[in-house]
$ cat input.txt   # compact mmCIF, N, CA and C atoms
# COMPACT_ATOMS: atom_id res chain seq x y z
N MET A 1 0.81 -1.19 0.00
CA MET A 1 0.00 0.00 0.00
C MET A 1 0.86 1.26 0.00
N ASP A 2 2.01 1.23 0.69
CA ASP A 2 2.89 2.39 0.76
C ASP A 2 3.54 2.68 -0.59
N LYS A 3 3.83 1.62 -1.34
CA LYS A 3 4.45 1.82 -2.65
C LYS A 3 3.49 2.54 -3.60
N LYS A 4 2.22 2.22 -3.48
CA LYS A 4 1.22 2.85 -4.35
C LYS A 4 1.11 4.35 -4.02
N ASN A 5 1.12 4.68 -2.73
CA ASN A 5 1.04 6.08 -2.32
C ASN A 5 2.31 6.84 -2.71
N ALA A 6 3.45 6.20 -2.58
CA ALA A 6 4.70 6.85 -2.96
C ALA A 6 4.75 7.09 -4.47
N LEU A 7 4.28 6.12 -5.23
CA LEU A 7 4.24 6.27 -6.68
C LEU A 7 3.28 7.38 -7.09
N ARG A 8 2.14 7.44 -6.41
CA ARG A 8 1.16 8.48 -6.69
C ARG A 8 1.74 9.87 -6.35
N ALA A 9 2.43 10.00 -5.21
CA ALA A 9 3.02 11.28 -4.80
C ALA A 9 4.14 11.68 -5.77
N GLY A 10 4.93 10.71 -6.21
CA GLY A 10 6.00 11.01 -7.17
C GLY A 10 5.45 11.45 -8.50
N ALA A 11 4.40 10.80 -8.96
CA ALA A 11 3.77 11.19 -10.23
C ALA A 11 3.17 12.58 -10.13
N LEU A 12 2.57 12.89 -8.99
CA LEU A 12 1.99 14.22 -8.80
C LEU A 12 3.08 15.29 -8.79
N ALA A 13 4.19 15.02 -8.09
CA ALA A 13 5.28 15.98 -8.05
C ALA A 13 5.91 16.18 -9.42
N ALA A 14 6.11 15.08 -10.14
CA ALA A 14 6.69 15.18 -11.48
C ALA A 14 5.76 15.92 -12.43
N GLY A 15 4.46 15.64 -12.34
CA GLY A 15 3.50 16.32 -13.19
C GLY A 15 3.42 17.80 -12.90
N THR A 16 3.44 18.16 -11.62
CA THR A 16 3.40 19.56 -11.24
C THR A 16 4.64 20.29 -11.74
N THR A 17 5.81 19.66 -11.57
CA THR A 17 7.05 20.27 -12.05
C THR A 17 7.04 20.44 -13.55
N LEU A 18 6.58 19.43 -14.26
CA LEU A 18 6.52 19.51 -15.72
C LEU A 18 5.58 20.62 -16.17
N MET A 19 4.44 20.74 -15.51
CA MET A 19 3.49 21.79 -15.88
C MET A 19 4.07 23.18 -15.61
N MET A 20 4.79 23.32 -14.50
CA MET A 20 5.40 24.62 -14.19
C MET A 20 6.46 24.97 -15.23
N LEU A 21 7.23 23.98 -15.66
CA LEU A 21 8.25 24.23 -16.68
C LEU A 21 7.63 24.59 -18.02
N LEU A 22 6.54 23.93 -18.35
CA LEU A 22 5.89 24.21 -19.63
C LEU A 22 5.17 25.55 -19.61
N MET A 23 4.65 25.95 -18.47
CA MET A 23 3.90 27.20 -18.39
C MET A 23 4.83 28.42 -18.36
N SER A 24 6.03 28.24 -17.84
CA SER A 24 6.96 29.38 -17.79
C SER A 24 7.53 29.59 -19.19
N SER A 25 7.91 30.82 -19.45
CA SER A 25 8.41 31.12 -20.79
C SER A 25 9.78 31.80 -20.67
N PRO A 26 10.85 31.03 -20.68
CA PRO A 26 12.17 31.62 -20.55
C PRO A 26 12.55 32.47 -21.76
N ALA A 27 11.85 32.32 -22.87
CA ALA A 27 12.17 33.12 -24.05
C ALA A 27 11.88 34.59 -23.80
N LEU A 28 10.98 34.87 -22.87
CA LEU A 28 10.67 36.27 -22.57
C LEU A 28 11.81 36.96 -21.82
N ALA A 29 12.74 36.19 -21.31
CA ALA A 29 13.87 36.79 -20.61
C ALA A 29 14.76 37.56 -21.58
N LEU A 30 14.68 37.25 -22.87
CA LEU A 30 15.48 37.96 -23.85
C LEU A 30 14.85 39.27 -24.29
N THR A 31 13.57 39.44 -23.99
CA THR A 31 12.86 40.66 -24.36
C THR A 31 13.12 41.73 -23.33
N ARG A 32 13.54 42.91 -23.78
CA ARG A 32 13.85 43.99 -22.86
C ARG A 32 12.58 44.71 -22.44
N ASP A 33 12.50 45.06 -21.16
CA ASP A 33 11.39 45.84 -20.65
C ASP A 33 11.76 47.32 -20.71
N ASP A 34 10.75 48.16 -20.60
CA ASP A 34 11.01 49.60 -20.56
C ASP A 34 11.78 49.95 -19.29
N GLY A 35 12.82 50.73 -19.42
CA GLY A 35 13.63 51.13 -18.28
C GLY A 35 14.65 50.10 -17.86
N ASP A 36 14.77 49.01 -18.58
CA ASP A 36 15.72 47.96 -18.25
C ASP A 36 17.11 48.40 -18.67
N ASP A 37 18.03 48.48 -17.72
CA ASP A 37 19.40 48.88 -18.00
C ASP A 37 20.33 47.98 -17.18
N PRO A 38 20.61 46.76 -17.66
CA PRO A 38 21.32 45.78 -16.84
C PRO A 38 22.79 46.07 -16.58
N GLY A 39 23.46 46.80 -17.43
CA GLY A 39 24.89 47.03 -17.23
C GLY A 39 25.71 45.82 -17.64
N LYS A 40 27.02 45.88 -17.40
CA LYS A 40 27.87 44.76 -17.80
C LYS A 40 27.88 43.69 -16.71
N GLY A 41 28.14 42.47 -17.09
CA GLY A 41 28.12 41.36 -16.15
C GLY A 41 29.37 41.28 -15.30
N LEU A 42 29.34 40.42 -14.30
CA LEU A 42 30.48 40.21 -13.42
C LEU A 42 31.33 39.06 -13.93
N SER A 43 32.63 39.16 -13.70
CA SER A 43 33.51 38.03 -14.04
C SER A 43 33.38 36.96 -12.95
N VAL A 44 34.00 35.83 -13.16
CA VAL A 44 33.94 34.74 -12.18
C VAL A 44 34.61 35.17 -10.88
N ILE A 45 35.74 35.85 -10.98
CA ILE A 45 36.46 36.30 -9.79
C ILE A 45 35.62 37.31 -9.01
N GLN A 46 34.99 38.24 -9.71
CA GLN A 46 34.15 39.23 -9.04
C GLN A 46 32.95 38.56 -8.36
N THR A 47 32.36 37.58 -9.02
CA THR A 47 31.21 36.87 -8.45
C THR A 47 31.62 36.10 -7.21
N LEU A 48 32.74 35.38 -7.26
CA LEU A 48 33.21 34.64 -6.08
C LEU A 48 33.57 35.59 -4.94
N GLY A 49 34.17 36.71 -5.27
CA GLY A 49 34.51 37.68 -4.24
C GLY A 49 33.27 38.26 -3.58
N LEU A 50 32.27 38.59 -4.39
CA LEU A 50 31.06 39.22 -3.88
C LEU A 50 30.20 38.26 -3.08
N TYR A 51 30.04 37.02 -3.54
CA TYR A 51 29.11 36.10 -2.91
C TYR A 51 29.77 35.04 -2.03
N VAL A 52 31.10 34.96 -2.02
CA VAL A 52 31.78 33.98 -1.17
C VAL A 52 32.78 34.66 -0.23
N ALA A 53 33.73 35.39 -0.79
CA ALA A 53 34.81 35.95 0.02
C ALA A 53 34.33 37.01 1.01
N ILE A 54 33.50 37.93 0.56
CA ILE A 54 33.03 38.99 1.45
C ILE A 54 32.18 38.42 2.59
N PRO A 55 31.21 37.52 2.34
CA PRO A 55 30.46 36.96 3.49
C PRO A 55 31.34 36.16 4.45
N VAL A 56 32.30 35.40 3.94
CA VAL A 56 33.19 34.63 4.83
C VAL A 56 34.05 35.58 5.66
N ALA A 57 34.57 36.63 5.05
CA ALA A 57 35.36 37.61 5.79
C ALA A 57 34.53 38.33 6.84
N LEU A 58 33.32 38.68 6.49
CA LEU A 58 32.42 39.34 7.44
C LEU A 58 32.11 38.41 8.60
N PHE A 59 31.86 37.15 8.33
CA PHE A 59 31.61 36.17 9.39
C PHE A 59 32.83 36.05 10.31
N ALA A 60 34.02 36.00 9.71
CA ALA A 60 35.25 35.87 10.51
C ALA A 60 35.47 37.09 11.39
N VAL A 61 35.22 38.28 10.86
CA VAL A 61 35.39 39.51 11.65
C VAL A 61 34.41 39.53 12.82
N ILE A 62 33.15 39.20 12.57
CA ILE A 62 32.15 39.21 13.64
C ILE A 62 32.47 38.14 14.69
N ALA A 63 32.85 36.94 14.25
CA ALA A 63 33.20 35.87 15.19
C ALA A 63 34.43 36.25 16.01
N GLY A 64 35.42 36.88 15.37
CA GLY A 64 36.60 37.33 16.09
C GLY A 64 36.28 38.39 17.13
N LEU A 65 35.43 39.35 16.77
CA LEU A 65 35.04 40.38 17.73
C LEU A 65 34.27 39.78 18.90
N VAL A 66 33.42 38.82 18.64
CA VAL A 66 32.67 38.18 19.72
C VAL A 66 33.62 37.45 20.66
N MET A 67 34.60 36.74 20.11
CA MET A 67 35.53 35.99 20.95
C MET A 67 36.43 36.93 21.75
N VAL A 68 36.89 38.01 21.13
CA VAL A 68 37.80 38.93 21.82
C VAL A 68 37.06 39.72 22.90
N LEU A 69 35.86 40.16 22.61
CA LEU A 69 35.12 41.00 23.53
C LEU A 69 34.25 40.22 24.51
N ASP A 70 34.32 38.91 24.49
CA ASP A 70 33.51 38.08 25.39
C ASP A 70 34.06 38.17 26.79
N LYS A 71 33.26 38.67 27.71
CA LYS A 71 33.70 38.83 29.10
C LYS A 71 33.10 37.77 30.02
N SER A 72 32.32 36.85 29.49
CA SER A 72 31.62 35.89 30.34
C SER A 72 32.57 34.94 31.05
N HIS A 73 33.74 34.66 30.50
CA HIS A 73 34.67 33.74 31.15
C HIS A 73 35.29 34.35 32.40
N ALA A 74 35.43 35.65 32.45
CA ALA A 74 36.03 36.31 33.61
C ALA A 74 35.10 36.22 34.82
N HIS A 75 33.80 36.17 34.62
CA HIS A 75 32.84 36.14 35.72
C HIS A 75 32.61 34.74 36.25
N HIS A 76 32.99 33.74 35.52
CA HIS A 76 32.69 32.37 35.92
C HIS A 76 33.93 31.64 36.42
N ARG A 77 34.87 32.35 36.98
CA ARG A 77 36.05 31.68 37.53
C ARG A 77 35.67 30.95 38.81
N VAL A 78 36.10 29.72 38.89
CA VAL A 78 35.78 28.90 40.05
C VAL A 78 37.00 28.86 40.94
N ALA A 79 36.81 29.21 42.19
CA ALA A 79 37.93 29.20 43.13
C ALA A 79 38.26 27.76 43.50
N LYS A 80 39.54 27.50 43.64
CA LYS A 80 39.97 26.16 44.04
C LYS A 80 39.61 25.94 45.50
N PRO A 81 39.23 24.72 45.84
CA PRO A 81 38.91 24.45 47.25
C PRO A 81 40.13 24.71 48.14
N GLY A 82 39.93 25.43 49.20
CA GLY A 82 41.01 25.72 50.13
C GLY A 82 41.80 26.96 49.76
N ALA A 83 41.45 27.65 48.70
CA ALA A 83 42.20 28.85 48.29
C ALA A 83 42.01 29.96 49.31
N ASP A 84 40.82 30.06 49.87
CA ASP A 84 40.56 31.10 50.88
C ASP A 84 41.34 30.83 52.15
N LYS A 85 41.49 29.56 52.53
CA LYS A 85 42.23 29.22 53.73
C LYS A 85 43.71 29.53 53.56
N ALA A 86 44.23 29.31 52.34
CA ALA A 86 45.65 29.59 52.09
C ALA A 86 45.91 31.09 52.20
N LYS A 87 44.96 31.90 51.73
CA LYS A 87 45.12 33.37 51.83
C LYS A 87 45.01 33.83 53.27
N ALA A 88 44.15 33.17 54.05
CA ALA A 88 43.96 33.57 55.43
C ALA A 88 45.20 33.26 56.25
N LYS A 89 45.92 32.18 55.96
CA LYS A 89 47.13 31.81 56.71
C LYS A 89 48.28 32.74 56.39
N ALA A 90 48.32 33.33 55.20
CA ALA A 90 49.46 34.13 54.80
C ALA A 90 49.44 35.51 55.40
$ encode --input "input.txt" --output "structure tokens"
Amino acid sequence: MDKKNALRAGALAAGTTLMMLLMSSPALALTRDDGDDPGKGLSVIQTLGLYVAIPVALFAVIAGLVMVLDKSHAHHRVAKPGADKAKAKA
């Protein structure tokens, strides 16, 4: 019974995808709209820099600032047992 339902769901998904592909018209992407001014494209290096290098660098800077400016470790110091007694004797 599960195989029949899985087959039915797969056929429905494939049919829906096929209909969406057939209904869309990628040929209209070549037609210019009024006011369309795309400019020149990006090279591979520019694209990698814009969408990979800059976000990774930004993440590294933010993570570094969080680690450097984190003060929570200073407040959670645990005193060793008997440390107060050693100070009292001195």
$ atom_distance --input "input.txt" --atom1 "CA of Val56 (chain A)" --atom2 "CA of Lys40 (chain A)"
25.4 Å
$ atom_distance --input "input.txt" --atom1 "atom N of Asp70 (chain A)" --atom2 "atom C of Gly49 (chain A)"
28.1 Å
$ atom_distance --input "input.txt" --atom1 "CA of Ser43 (chain A)" --atom2 "CA of Leu30 (chain A)"
20.5 Å
